[in-house]
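Here is upload38.txt, consisting of compact mmCIF, C-alpha atoms:
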# COMPACT_ATOMS: atom_id res chain seq x y z
CA MET A 1 79.45 9.86 -63.75
CA ASN A 2 81.83 12.35 -65.33
CA PRO A 3 85.12 10.74 -66.19
CA PRO A 4 87.85 12.73 -64.48
CA LEU A 5 90.16 14.63 -66.76
CA VAL A 6 93.49 12.89 -66.95
CA LEU A 7 96.53 14.55 -68.39
CA PRO A 8 97.71 12.25 -71.19
CA ASN A 9 101.24 11.83 -69.87
CA ASP A 10 100.35 11.81 -66.21
CA ASP A 11 100.81 8.34 -64.74
CA GLY A 12 99.81 9.44 -61.27
CA ILE A 13 101.30 7.88 -58.17
CA LEU A 14 100.86 4.13 -57.75
CA ILE A 15 99.48 3.28 -54.31
CA SER A 16 98.65 -0.13 -52.91
CA PHE A 17 95.78 -0.74 -50.47
CA PRO A 18 96.34 -4.36 -49.39
CA LYS A 19 92.87 -4.54 -47.78
CA GLY A 20 91.11 -2.39 -50.35
CA LEU A 21 88.61 0.25 -49.27
CA LEU A 22 85.42 -0.62 -47.38
CA GLY A 23 82.91 -1.97 -49.87
CA PHE A 24 85.70 -2.48 -52.45
CA PRO A 25 87.89 -5.20 -50.91
CA GLN A 26 88.88 -6.62 -54.30
CA LEU A 27 90.49 -3.39 -55.53
CA THR A 28 93.97 -3.05 -54.06
CA SER A 29 95.98 -1.10 -56.58
CA PHE A 30 95.30 2.57 -57.33
CA ARG A 31 96.78 5.59 -59.02
CA LEU A 32 96.48 8.95 -57.31
CA TYR A 33 96.05 11.83 -59.73
CA GLU A 34 95.89 15.56 -59.33
CA PRO A 35 94.04 16.57 -62.49
CA HIS A 36 94.73 19.81 -64.29
CA ASP A 37 92.73 22.63 -62.65
CA GLY A 38 91.55 20.13 -60.07
CA TYR A 39 93.40 21.43 -57.02
CA PRO A 40 92.63 20.82 -54.14
CA LEU A 41 90.73 17.75 -55.31
CA LYS A 42 92.51 14.59 -56.33
CA PHE A 43 91.23 11.28 -57.48
CA LEU A 44 92.22 7.75 -56.78
CA GLN A 45 91.57 5.47 -59.72
CA SER A 46 91.55 1.70 -59.46
CA VAL A 47 94.11 -0.06 -61.63
CA GLU A 48 92.05 -3.28 -61.62
CA ASP A 49 88.77 -1.51 -62.52
CA PRO A 50 89.44 1.93 -64.03
CA GLU A 51 85.68 2.66 -63.89
CA VAL A 52 86.10 3.06 -60.14
CA SER A 53 87.65 6.34 -59.10
CA PHE A 54 87.32 8.04 -55.72
CA THR A 55 87.34 11.82 -55.41
CA CYS A 56 89.50 12.81 -52.45
CA ILE A 57 91.31 15.69 -50.78
CA ASN A 58 94.10 16.39 -48.34
CA PRO A 59 91.87 17.32 -45.36
CA ALA A 60 94.47 19.82 -44.10
CA VAL A 61 93.29 22.14 -46.86
CA ILE A 62 89.73 22.33 -45.55
CA LYS A 63 90.11 21.41 -41.89
CA PRO A 64 93.61 22.22 -40.63
CA ASP A 65 92.90 20.85 -37.14
CA TYR A 66 91.90 17.38 -38.39
CA ASN A 67 94.09 14.74 -36.84
CA VAL A 68 94.04 11.00 -37.37
CA PRO A 69 94.95 9.29 -34.10
CA LEU A 70 96.81 6.19 -35.28
CA SER A 71 97.32 3.31 -32.90
CA GLU A 72 100.77 1.79 -32.62
CA GLU A 73 99.47 -1.30 -34.45
CA GLU A 74 98.15 0.81 -37.30
CA ALA A 75 101.44 2.68 -37.56
CA GLN A 76 103.22 -0.69 -37.65
CA ALA A 77 100.92 -2.05 -40.35
CA LEU A 78 101.87 0.98 -42.43
CA SER A 79 105.59 0.58 -41.56
CA LEU A 80 105.59 4.23 -40.55
CA GLU A 81 108.96 5.26 -39.19
CA SER A 82 107.90 8.78 -38.36
CA PRO A 83 104.57 10.63 -38.38
CA GLU A 84 105.85 12.89 -41.16
CA ASP A 85 105.80 9.93 -43.57
CA ALA A 86 102.02 9.61 -43.18
CA LEU A 87 99.81 11.17 -45.79
CA ILE A 88 96.12 11.54 -45.10
CA LEU A 89 93.38 11.68 -47.71
CA THR A 90 89.65 11.86 -47.08
CA LEU A 91 87.06 10.89 -49.67
CA VAL A 92 84.85 13.63 -51.09
CA VAL A 93 81.22 13.25 -52.12
CA VAL A 94 80.15 15.79 -54.74
CA PRO A 95 76.36 15.79 -55.17
CA GLU A 96 74.44 17.45 -58.00
CA ASP A 97 74.59 20.73 -56.10
CA PRO A 98 78.36 20.88 -55.56
CA ARG A 99 77.92 23.48 -52.81
CA GLN A 100 76.67 20.59 -50.67
CA MET A 101 79.84 18.56 -51.07
CA THR A 102 81.12 16.74 -48.01
CA THR A 103 84.15 14.77 -46.98
CA ASN A 104 84.22 11.65 -44.85
CA LEU A 105 86.30 12.25 -41.72
CA ALA A 106 85.22 8.90 -40.23
CA GLY A 107 87.02 6.77 -42.81
CA PRO A 108 90.28 8.50 -43.76
CA LEU A 109 92.88 6.88 -46.00
CA VAL A 110 96.29 6.83 -44.37
CA LEU A 111 99.26 6.29 -46.68
CA ASN A 112 102.92 5.77 -46.08
CA GLY A 113 104.46 8.27 -48.48
CA LYS A 114 107.69 6.27 -48.71
CA THR A 115 106.31 2.77 -49.29
CA ARG A 116 103.11 3.99 -51.00
CA VAL A 117 100.99 1.55 -49.07
CA GLY A 118 97.72 2.68 -47.55
CA TYR A 119 94.80 1.59 -45.38
CA GLN A 120 91.36 2.96 -44.72
CA ILE A 121 90.98 3.61 -41.00
CA VAL A 122 87.56 3.50 -39.34
CA PHE A 123 86.43 5.84 -36.56
CA SER A 124 83.09 5.53 -34.84
CA SER A 125 83.25 8.69 -32.76
CA GLU A 126 81.03 11.75 -33.14
CA LYS A 127 84.25 13.75 -33.40
CA PHE A 128 84.73 12.33 -36.89
CA PRO A 129 81.65 13.06 -39.00
CA LEU A 130 80.81 10.91 -41.99
CA ARG A 131 79.60 13.95 -43.93
CA PHE A 132 81.63 17.00 -43.04
CA PRO A 133 80.62 19.98 -45.24
CA ILE A 134 83.68 21.39 -46.95
CA LEU A 135 82.21 24.64 -48.21
CA PRO A 136 80.95 27.38 -45.90
CA GLN A 137 77.22 26.80 -45.33
CA ASP A 138 74.83 29.76 -45.59
CA MET B 1 77.11 -19.58 -40.58
CA LEU B 2 78.13 -21.18 -37.31
CA VAL B 3 75.37 -20.79 -34.72
CA ILE B 4 76.14 -21.28 -31.03
CA THR B 5 73.85 -20.90 -28.00
CA ARG B 6 75.45 -19.10 -25.05
CA LYS B 7 74.07 -18.19 -21.63
CA LEU B 8 74.75 -15.13 -19.53
CA GLU B 9 78.48 -14.68 -18.81
CA GLN B 10 79.43 -17.43 -21.24
CA SER B 11 81.69 -16.53 -24.14
CA ILE B 12 83.12 -17.63 -27.42
CA VAL B 13 86.73 -17.28 -28.53
CA ILE B 14 87.58 -16.42 -32.13
CA GLY B 15 91.00 -17.09 -33.60
CA GLY B 16 92.48 -17.69 -30.16
CA GLU B 17 92.70 -14.02 -29.31
CA VAL B 18 89.23 -12.46 -29.60
CA GLU B 19 86.68 -13.22 -26.89
CA VAL B 20 83.00 -12.24 -27.06
CA ILE B 21 81.15 -12.47 -23.74
CA VAL B 22 77.38 -12.25 -23.15
CA LEU B 23 77.03 -9.63 -20.41
CA GLY B 24 73.28 -9.20 -20.38
CA VAL B 25 70.11 -10.15 -22.18
CA THR B 26 66.96 -8.03 -22.12
CA LYS B 27 63.92 -7.88 -24.36
CA ASP B 28 65.56 -4.95 -26.22
CA GLY B 29 68.89 -6.49 -26.95
CA VAL B 30 71.95 -8.47 -26.02
CA ARG B 31 74.85 -6.76 -24.26
CA LEU B 32 78.21 -8.10 -25.43
CA GLY B 33 81.70 -7.60 -24.08
CA ILE B 34 84.61 -7.96 -26.48
CA ARG B 35 88.22 -8.65 -25.55
CA ALA B 36 90.56 -8.28 -28.51
CA PRO B 37 94.09 -7.09 -29.24
CA ARG B 38 94.19 -3.43 -30.20
CA SER B 39 95.18 -4.41 -33.72
CA VAL B 40 91.71 -5.91 -34.23
CA GLN B 41 89.20 -3.23 -35.18
CA VAL B 42 85.83 -3.77 -33.52
CA HIS B 43 82.91 -1.66 -34.73
CA ARG B 44 79.18 -1.99 -35.07
CA ARG B 45 78.25 -3.35 -38.48
CA GLU B 46 76.43 -0.05 -39.26
CA VAL B 47 79.71 1.89 -38.99
CA PHE B 48 81.33 -0.21 -41.71
CA ASP B 49 78.18 -0.08 -43.85
CA ALA B 50 77.97 3.72 -43.55
CA ILE B 51 81.60 4.19 -44.57
CA ALA B 52 81.21 1.72 -47.45
CA ALA B 53 78.18 3.75 -48.63
CA GLU B 54 80.18 7.01 -48.45
CA ASN B 55 83.03 5.33 -50.33
CA ARG B 56 80.62 4.36 -53.08
CA ALA B 57 79.16 7.89 -53.16
CA ALA B 58 82.69 9.29 -53.56
CA THR B 59 82.97 7.38 -56.85
CA GLU B 60 79.82 9.05 -58.21
CA THR B 61 80.85 12.67 -58.57
CA LYS B 62 77.90 14.48 -60.17
CA VAL B 63 79.63 17.54 -61.60
CA PRO B 64 82.96 18.06 -63.37
CA LEU B 65 85.76 17.82 -60.84
CA GLN B 66 87.19 21.12 -62.07
CA ASP B 67 83.93 22.96 -61.19
CA ALA B 68 83.84 21.51 -57.69
CA ALA B 69 87.54 22.31 -57.29
CA ALA B 70 86.97 25.94 -58.33
CA LEU B 71 84.33 26.32 -55.58
CA LEU B 72 86.79 24.91 -53.06
CA ARG B 73 89.64 27.14 -54.18
CA ALA B 74 87.39 30.20 -53.87
CA ALA B 75 86.36 29.21 -50.34
CA HIS B 76 89.68 27.96 -49.01
CA ALA B 77 92.36 29.67 -51.08
CA PRO B 78 93.93 31.68 -48.24
CA LYS B 79 94.33 28.58 -46.11
CA ALA B 80 95.62 26.24 -48.79
CA LYS B 81 98.90 24.72 -47.64
CA ASP B 82 98.72 21.57 -49.67
CA ARG B 83 101.48 22.31 -52.11

Step by step, read the file and then write its structure as structure tokens.
Amino acid sequence: MNPPLVLPNDDGILISFPKGLLGFPQLTSFRLYEPHDGYPLKFLQSVEDPEVSFTCINPAVIKPDYNVPLSEEEAQALSLESPEDALILTLVVVPEDPRQMTTNLAGPLVLNGKTRVGYQIVFSSEKFPLRFPILPQD
Amino acid sequence: MLVITRKLEQSIVIGGEVEVIVLGVTKDGVRLGIRAPRSVQVHRREVFDAIAAENRAATETKVPLQDAAALLRAAHAPKAKDR
């Protein structure tokens, strides 16, 4: 694994995931970084275990019509007062051939931009592919 | 693990608000009905496992992030509205 480049004075944005991410329930505190020259990719690094860092993206950049249908209960859990406060990130898998990179539209991270609390939402519909290619395929 | 035998149309109740009902039993599988508040997420185990596997894969970026990002900027630059 290549350690992501972190700007020395960049503390990132502290975000709490009270339930962790699937497969990582014990990690609940993260910093979101946008590394130098990394746009549009970001990474979410665990505070508890800095070895764990998820590559992610704002899916609007690569799929402008992607919408996360939040239930009222989910919006309440996030204390969302208005939809504009919600920030969506999807996790990005970069394989050895980076042209094959994909993002997971089935398990988006939804954050409240004001409280900086987030949850991973789970969709099991074919409309939300687990491995959505984010570069044009030849 | 708690193990309970149930017959057709019998159910179990979990936490007072989730009910799992046996709707049918065939040689290929058991058909279950689930009544739960909308706040309780109900998915097949495989869905959670698949997302957990993708989560893990997203921590194992194989090339420098900057290289992957450059490919993305080249492909999506005109549409970028992120900042």

Margin query: With distances taken over only C-alpha atoms, which residue among A:Leu70, A:Ala86, A:Val92, A:Leu105 lies nearest chain B?
Written below: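 Ranking A:Leu70, A:Ala86, A:Val92, A:Leu105 by distance to chain B, first place goes to A:Val92.
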
Please provide as a compact mmCIF listing (two decimals) with C-alpha atoms, in the frame of the given file all residues within 12 Å of stretch 68-78 of chain B, with the sequence filter that same-chain residues fewer than 3 positions apart are discarded (counting only C-alpha atoms).
# COMPACT_ATOMS: atom_id res chain seq x y z
CA PRO A 4 87.85 12.73 -64.48
CA GLU A 34 95.89 15.56 -59.33
CA PRO A 35 94.04 16.57 -62.49
CA HIS A 36 94.73 19.81 -64.29
CA ASP A 37 92.73 22.63 -62.65
CA GLY A 38 91.55 20.13 -60.07
CA TYR A 39 93.40 21.43 -57.02
CA PRO A 40 92.63 20.82 -54.14
CA LEU A 41 90.73 17.75 -55.31
CA LYS A 42 92.51 14.59 -56.33
CA PHE A 43 91.23 11.28 -57.48
CA THR A 55 87.34 11.82 -55.41
CA CYS A 56 89.50 12.81 -52.45
CA ILE A 57 91.31 15.69 -50.78
CA PRO A 59 91.87 17.32 -45.36
CA ALA A 60 94.47 19.82 -44.10
CA VAL A 61 93.29 22.14 -46.86
CA ILE A 62 89.73 22.33 -45.55
CA LYS A 63 90.11 21.41 -41.89
CA PRO A 64 93.61 22.22 -40.63
CA VAL A 92 84.85 13.63 -51.09
CA VAL A 93 81.22 13.25 -52.12
CA VAL A 94 80.15 15.79 -54.74
CA PRO A 95 76.36 15.79 -55.17
CA GLU A 96 74.44 17.45 -58.00
CA ASP A 97 74.59 20.73 -56.10
CA PRO A 98 78.36 20.88 -55.56
CA ARG A 99 77.92 23.48 -52.81
CA GLN A 100 76.67 20.59 -50.67
CA MET A 101 79.84 18.56 -51.07
CA THR A 102 81.12 16.74 -48.01
CA PRO A 133 80.62 19.98 -45.24
CA ILE A 134 83.68 21.39 -46.95
CA LEU A 135 82.21 24.64 -48.21
CA PRO A 136 80.95 27.38 -45.90
CA GLN A 137 77.22 26.80 -45.33
CA THR B 61 80.85 12.67 -58.57
CA LYS B 62 77.90 14.48 -60.17
CA VAL B 63 79.63 17.54 -61.60
CA PRO B 64 82.96 18.06 -63.37
CA LEU B 65 85.76 17.82 -60.84
CA LYS B 81 98.90 24.72 -47.64
CA ASP B 82 98.72 21.57 -49.67
CA ARG B 83 101.48 22.31 -52.11

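Of note, atom CA of A:Gly20 and atom CA of A:Val117 are spaced 10.7 Å apart.
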
Next item on the list: Rank A:Ser125, A:Asn104, A:Asn112, A:Asn58 by their smallest atom-to-atom distance to B:Ala53, using all atoms listed in the file, and report the top residue only.
Entry: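 Of A:Ser125, A:Asn104, A:Asn112, A:Asn58, the one nearest B:Ala53 is A:Asn104, counting all atoms listed in the file.
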
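With atom CA of B:Ala52 on one side and atom CA of B:Glu19 on the other, the separation reads 26.0 Å.
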
Notebook entry, point to check: What is the atom CA of A:Pro69-atom CA of B:Thr59 distance in Å, reported with one decimal?
Noted result: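 Taking atom CA of A:Pro69 as the start and atom CA of B:Thr59 as the end point, the length is 25.8 Å.
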
Checklist line | Nearest residue to chain B from the set A:Thr28, A:Thr90, A:Ser46, A:Ser124 (distances using only C-alpha atoms) | finding: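 Using only C-alpha atoms, chain B sits closest to A:Ser124.
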
Margin query: Which residues are near B:Arg38? Cut-off 10 Å, only C-alpha atoms, ignore same chain within fewer than 4 positions. Put them as a PyMOL selection string.
Written below: (chain A and resi 71-74) or (chain B and resi 42)

Next item on the list: With a distance cut-off of 12 Å and only C-alpha atoms, select the neighbouring residues of B:Leu23, excluding the residue or stretch itself and same-chain residues fewer than 6 positions from it, and output the selection as an MDAnalysis selection string.
Entry: chainID B and resid 6:11 29:34

Check: What's the 8 Å shell around A:Leu130, counting all atoms listed in the file, without same-chain residues fewer than 5 positions away, as a ChimeraX atom specification?
Finding: /A:103-107 /B:50-51,54

Next item on the list: Quick one: everything within 12 Å of A:Glu84, counting all atoms listed in the file, minus sequence neighbours fewer than 4 positions away in the same chain. Send it as a list in words.
Entry: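 Close residues of A:Glu84: Ala75, Leu80, Ile88, Val110, Leu111, Asn112, Gly113 and Lys114 of chain A.
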
Note to self: Could you check the closest approach to B:Ala57 for each of A:Gly12, A:Pro108, A:Gly23, A:Pro18 and tell me which residue wins, using all atoms listed in the file?
What the structure shows: A:Gly23

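You can rank A:Gln76, A:Ser53, A:Ser82, A:Thr115 by their closest distance to chain B using only C-alpha atoms, and at the top of that list sits A:Ser53.
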